[in-house]
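Undergrad: Handing you this structure, nothing more for now.
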Amino acid sequence: MGKKLTKLKDLAARAGRWLGLASSPPEPKATAVVVSDRFDDMTWAETFEEASALQDLAEELNERFDHTPDLLCDLFLSAFKAAPRLRDRADMDLSRLINHQVVTAMVGSPEYEELHRATVGDPYAAAMAVLAQSDALRRLLEQTRDAQEKGQQAYDAQDGVGDAARAVAEALARAGDAEDENGTVPEDVAAAVGETIAGAESADEAAQQAVQAATQALAAVAPTIRTAIRRAMAQAAEAAHEEDALMRAWGVDKGQLERMPFEERALLAERLRTGRLGQFADLIGRFRLMALGERARKVENAPGELVGITLGDDLSRVVPSELAHLGIPVMRAVFAARYAEAGLMLYDSRGEQNTGQGAIIACIDTSFSMTTADPAGITREAWAKACALALLDQARQAKRDFVGILFSAASELSVHCFPSSAPAGIADVVDFAECFFGGGTDFEAPLTAAVDLLEAEFNEAGRARGDIVLITDGECGVTEDWMHRWNETKRRLDFRTFGISIGNGPATAPGAVLDALCDNLRGLDDLTDPRAVSDLFRVL
């Protein structure tokens with residue numbers, strides 16, 4: 001019995017599908033969920049390079065899970081882009097189906113909008129939002145590990161179909177080399193082609209089953225992903241808003257933040273959050289808002305609080321009943337006569353006028369007793385420094401120099417200068433606010449330093465009429481000679497001294513040292529309300 005011969009054209013017909021697949025393989029599918037442009041990719045690359053915390057997170061997750069760098073990029077772009085556009089799941093690489101489900105759940109959650117308002121257009125905020133979700137991501141990727149593995153298996157199975165198609169093409173090419181003049185090929189060669197075709201069909205069936213298994217596994221974990229992502233979004237949004245409020249409380253505007261390198265901004269946020277005044281950001285913010293409101297009320301040589309009716313010729317303060325006379329022809333002459341005699345009825349008001357021209361100097365007691373907290377948990381130190389930071393704002397608004405002098409015992413003194421001619425760097429502001437001695441109390445050293453600064457300003461720039469604000473919870477004596485020099489210098493430089501005594505005590509009693517030192521002295525018991533010193537910000 002002779003060998004069975006097979007026509008090459010018959011083999012080619014059987015292998016047609018696989019030949020097409022081998023010659024024109026499908027385009028690779030997307031590995032990124034968020035559609036991005038070159039600018040987006042560059043922003044992510046630069047942020048990732050600057051942010052060591054992101055690099056550490058990516059390295060850690062990549063050791064345990066597949067394709068996490070792509071996921072981190074997608075999460076970043078979802079937070080950063082103004083209107084992120086997501087690819088359809090059908091366009092995604094099968095190994096990235098979990099990534100697609102996570103990002104889709106993120107963008108579709110109600111919490112996303114709140115987070116997005118805080119992160120859009122800000123690479124730092126978007127990166128911090130990713131980092132804020134790191135714990136949730138670890139748990140989520142662990143919970144979805146089986147679905148991720150099935151997605152990878154489906155990807156590998158489909159890749160195997162491509163390999164099988166290429167094997168068919170190679171076997172058919174060998175059959176072509178063995179074709180005789182009748183168009184037939186030997187039986188063993190035909191059998192080899194048939195085996196590769198069967199292998200390709202088997203690989204295709206396995207791939208379909210793998211895709212189905214991956215789809216089912218993804219559907220099974222979808223509720224878990226949605227729940228975890230919503231919780232993570234809420235936590236990230238809360239962290240973003242807390243940091244935003246922290247920066248605003250400390251007077252750091254968005255322009256400053258956007259110019260800061262990533263690590264510098266992250267370190268600043270950490271320092272403000274964990275420093276001595278970290279828990280009192282709300283108090284600092286309320287002080288600044290109060291001072292801003294008082295500045296709005298303060299107008300030099302202009303009407304302030306209405307206190308009654310007076311007579312005069314200031315047309316800007318004429319009462320409505322007088323103006324009504326202008327609408328009656330026969331009364332216009334009467335109005336003109338009263339105007340000529342300065343006899344018009346006017347609103348009487350009491351104006352506020354700032355008289356300071358020299359520096360504003362805040363002397364802040366940092367003795368141990370200043371750590372005492374009121375029932376609301378606000379320490380005397382926190383109140384004093386929040387007030388000092390608002391005074392710094394006040395000085396900068398008025399284009400006056402500001403000096404913060406922190407003092408305790410006679411040898412414990414720290415002087416922080418903020419000239420009006422230079423920006424107040426946030427690092428210098430934090431250094432000032434963080435300084436604390438915790439010793440005893442001495443008034444002579446800080447007030448002498450303050451007077452020396454005012455005298456130097458007068459000698460160098462000719463500016464007198466500075467202001468000293470002394471905030472303390474203590475009482476101490478000064479020598480008679482020192483007091484004589486103080487009064488003499490005060491008359492010569494024409495500066496004012498405002499005293500704030502925190503807590504109950506005899507420091508504000510008539511005849512006490514503080515009373516002798518200060519032109520304006522007040523006691524303070526309630527640390528929760530900055531408005532207790534609001535008038536101070538109208539006259540400085």
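Chain labels follow the order of the structure tokens: the first chain is A, the next B, and so on; residue numbering restarts at 1 in every chain, and ligands are counted from 1 in their shown order.
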Which residues come within 12 Å of Thr448 (chain A), counting only C-alpha atoms, excluding same-chain residues fewer than 2 positions away, as a PyMOL selection string?

TA: chain A and resi 361+363+405+407+410+413+415+442-446+450-455+468+478+482-483+485-487+489-490

Undergrad: Show which residues sit within 12 Å of Val252 (chain A), as number ranges by chain. Count only C-alpha atoms, and ignore same-chain residues fewer than 2 positions away.

TA: A: 243-250, 254-260, 265, 268-269, 272, 285, 288, 393, 423-427, 429-430

Undergrad: Only N, CA, C and O atoms, please: the residues just picked out, written as a compact mmCIF listing (two decimals), in the first residue's frame.

TA:
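Generated file (selection05.txt):
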```txt
# COMPACT_ATOMS: atom_id res chain seq x y z
N GLU A 243 -4.28 68.98 54.76
CA GLU A 243 -3.02 69.63 54.39
C GLU A 243 -3.29 71.01 53.81
O GLU A 243 -2.54 71.96 54.10
N ASP A 244 -4.33 71.13 53.00
CA ASP A 244 -4.67 72.42 52.43
C ASP A 244 -5.01 73.42 53.53
O ASP A 244 -4.54 74.58 53.51
N ALA A 245 -5.80 72.98 54.52
CA ALA A 245 -6.15 73.86 55.63
C ALA A 245 -4.92 74.22 56.46
O ALA A 245 -4.78 75.35 56.93
N LEU A 246 -4.02 73.26 56.62
CA LEU A 246 -2.79 73.49 57.37
C LEU A 246 -1.95 74.57 56.69
O LEU A 246 -1.45 75.50 57.34
N MET A 247 -1.79 74.47 55.38
CA MET A 247 -1.00 75.46 54.65
C MET A 247 -1.66 76.83 54.70
O MET A 247 -0.98 77.86 54.87
N ARG A 248 -2.97 76.87 54.54
CA ARG A 248 -3.66 78.16 54.59
C ARG A 248 -3.55 78.79 55.97
O ARG A 248 -3.39 80.01 56.09
N ALA A 249 -3.63 77.95 57.01
CA ALA A 249 -3.52 78.47 58.37
C ALA A 249 -2.16 79.11 58.61
O ALA A 249 -2.03 80.13 59.30
N TRP A 250 -1.13 78.54 58.01
CA TRP A 250 0.22 79.07 58.17
C TRP A 250 0.54 80.15 57.14
O TRP A 250 1.68 80.63 57.07
N LYS A 254 -0.89 79.04 47.43
CA LYS A 254 -0.70 78.01 46.41
C LYS A 254 0.48 78.30 45.50
O LYS A 254 1.16 77.39 45.04
N GLY A 255 0.71 79.59 45.24
CA GLY A 255 1.85 79.94 44.39
C GLY A 255 3.16 79.49 45.00
O GLY A 255 4.03 78.94 44.30
N GLN A 256 3.33 79.70 46.30
CA GLN A 256 4.54 79.24 46.99
C GLN A 256 4.67 77.72 46.90
O GLN A 256 5.75 77.19 46.63
N LEU A 257 3.57 77.04 47.14
CA LEU A 257 3.60 75.59 47.15
C LEU A 257 3.95 75.03 45.78
O LEU A 257 4.72 74.07 45.67
N GLU A 258 3.39 75.61 44.74
CA GLU A 258 3.63 75.09 43.40
C GLU A 258 5.08 75.27 42.97
O GLU A 258 5.58 74.52 42.13
N ARG A 259 5.76 76.26 43.56
CA ARG A 259 7.17 76.48 43.22
C ARG A 259 8.12 75.60 44.02
O ARG A 259 9.30 75.53 43.69
N MET A 260 7.61 74.94 45.03
CA MET A 260 8.46 74.11 45.87
C MET A 260 8.72 72.75 45.23
O MET A 260 7.80 72.14 44.67
N ARG A 265 8.26 70.30 49.80
CA ARG A 265 6.85 70.53 50.18
C ARG A 265 6.36 69.43 51.12
O ARG A 265 5.62 69.72 52.08
N LEU A 268 7.85 70.07 54.52
CA LEU A 268 7.17 71.20 55.17
C LEU A 268 5.84 70.77 55.75
O LEU A 268 5.52 71.10 56.91
N ALA A 269 5.06 70.03 54.98
CA ALA A 269 3.76 69.56 55.48
C ALA A 269 3.93 68.69 56.71
O ALA A 269 3.19 68.83 57.69
N LEU A 272 4.91 70.95 59.70
CA LEU A 272 3.78 71.70 60.23
C LEU A 272 2.79 70.80 60.94
O LEU A 272 2.18 71.18 61.95
N GLY A 285 -5.18 79.72 62.05
CA GLY A 285 -6.01 80.18 60.95
C GLY A 285 -7.06 81.19 61.41
O GLY A 285 -7.31 82.19 60.73
N ARG A 288 -5.47 84.56 61.97
CA ARG A 288 -5.17 85.25 60.72
C ARG A 288 -6.44 85.83 60.09
O ARG A 288 -6.44 86.94 59.55
N ASP A 393 1.72 88.93 59.80
CA ASP A 393 0.88 89.29 58.65
C ASP A 393 0.56 90.78 58.64
O ASP A 393 0.59 91.44 57.60
N PRO A 423 10.85 88.70 51.24
CA PRO A 423 9.77 87.75 51.55
C PRO A 423 10.03 87.01 52.87
O PRO A 423 11.19 86.77 53.23
N ALA A 424 8.97 86.68 53.55
CA ALA A 424 9.09 85.90 54.78
C ALA A 424 9.05 84.42 54.41
O ALA A 424 7.98 83.87 54.14
N GLY A 425 10.21 83.78 54.36
CA GLY A 425 10.26 82.37 54.00
C GLY A 425 9.53 81.52 55.02
O GLY A 425 9.67 81.72 56.23
N ILE A 426 8.77 80.55 54.53
CA ILE A 426 7.99 79.73 55.44
C ILE A 426 8.87 78.95 56.41
O ILE A 426 8.51 78.75 57.57
N ALA A 427 10.06 78.53 55.96
CA ALA A 427 10.96 77.81 56.85
C ALA A 427 11.38 78.70 58.02
O ALA A 427 11.46 78.24 59.17
N VAL A 429 9.64 81.25 59.19
CA VAL A 429 8.45 81.44 60.02
C VAL A 429 8.26 80.25 60.95
O VAL A 429 7.97 80.41 62.15
N VAL A 430 8.45 79.05 60.42
CA VAL A 430 8.28 77.85 61.25
C VAL A 430 9.38 77.78 62.31
O VAL A 430 9.11 77.39 63.46
```

Undergrad: Leaving out Val34 (chain A) and any residue of its chain fewer than 5 positions from it, which residues lie within 8 Å of it when counting only C-alpha atoms, given as an mmCIF file with N, CA, C and O atoms, in the first residue's frame?

TA:
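This is the output file selection-v4.cif:
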```cif
data_model
loop_
_atom_site.group_PDB
_atom_site.id
_atom_site.type_symbol
_atom_site.label_atom_id
_atom_site.label_comp_id
_atom_site.auth_asym_id
_atom_site.auth_seq_id
_atom_site.Cartn_x
_atom_site.Cartn_y
_atom_site.Cartn_z
ATOM 1 N N ASP A 74 -1.836 55.414 36.703
ATOM 2 C CA ASP A 74 -3.251 55.655 36.415
ATOM 3 C C ASP A 74 -3.936 56.395 37.562
ATOM 4 O O ASP A 74 -4.741 57.312 37.330
ATOM 5 N N LEU A 77 -2.759 60.081 37.444
ATOM 6 C CA LEU A 77 -3.360 60.865 36.369
ATOM 7 C C LEU A 77 -4.851 61.087 36.593
ATOM 8 O O LEU A 77 -5.398 62.124 36.216
ATOM 9 N N SER A 78 -5.514 60.131 37.215
ATOM 10 C CA SER A 78 -6.941 60.304 37.522
ATOM 11 C C SER A 78 -7.153 61.474 38.467
ATOM 12 O O SER A 78 -8.150 62.196 38.372
ATOM 13 N N PRO A 84 -10.151 63.308 33.294
ATOM 14 C CA PRO A 84 -9.514 62.055 32.855
ATOM 15 C C PRO A 84 -10.463 61.203 32.022
ATOM 16 O O PRO A 84 -11.632 61.043 32.363
ATOM 17 N N ARG A 85 -9.952 60.682 30.917
ATOM 18 C CA ARG A 85 -10.734 59.812 30.029
ATOM 19 C C ARG A 85 -10.187 58.398 30.149
ATOM 20 O O ARG A 85 -8.988 58.171 29.977
ATOM 21 N N LEU A 86 -11.087 57.452 30.447
ATOM 22 C CA LEU A 86 -10.675 56.067 30.651
ATOM 23 C C LEU A 86 -10.941 55.236 29.403
ATOM 24 O O LEU A 86 -11.939 55.427 28.705
ATOM 25 N N ARG A 87 -10.060 54.306 29.144
ATOM 26 C CA ARG A 87 -10.251 53.389 28.016
ATOM 27 C C ARG A 87 -11.321 52.364 28.354
ATOM 28 O O ARG A 87 -11.553 52.029 29.529
#
```

Undergrad: If you measure from CA of Arg273 (chain A) to CA of Ala382 (chain A), what distance in Å do you get, rounded to one decimal?

TA: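 Pair CA of Arg273 (chain A) / CA of Ala382 (chain A) returns 14.0 Å.
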
Undergrad: If you measure from CA of Ala207 (chain A) to CA of Arg64 (chain A), what distance in Å do you get, rounded to one decimal?

TA: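 Those two atoms sit 25.3 Å apart.
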
Undergrad: Using only C-alpha atoms, can you tell me which of A:Leu289, A:Leu8, A:Ala398, A:Val319 comes closest to Glu181 (chain A)?

TA: A:Leu8

Undergrad: Let me make sure I understand: among A:Gln394, A:Thr6, A:Thr47, A:Gln235, which one has the smallest atom-to-atom distance to Pro261 (chain A) if we use only C-alpha atoms?

TA: A:Thr47

Undergrad: Hey, can you check how far CA of Ser420 (chain A) sits from CA of Lys399 (chain A)?

TA: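 Going from CA of Ser420 (chain A) over to CA of Lys399 (chain A) covers 5.4 Å.
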
Undergrad: Using only C-alpha atoms, can you tell me which of A:Asp535, A:Glu49, A:Asp91, A:Asp40 comes closest to Phe76 (chain A)?

TA: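 Closest to Phe76 (chain A) of all the choices is A:Asp40.
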
Undergrad: With a distance cut-off of 7 Å and only C-alpha atoms, select the neighbouring residues of region 199-202 of chain A, excluding the residue or stretch itself and same-chain residues fewer than 5 positions from it, and output the selection as a PyMOL selection string.

TA: chain A and resi 161+164-165
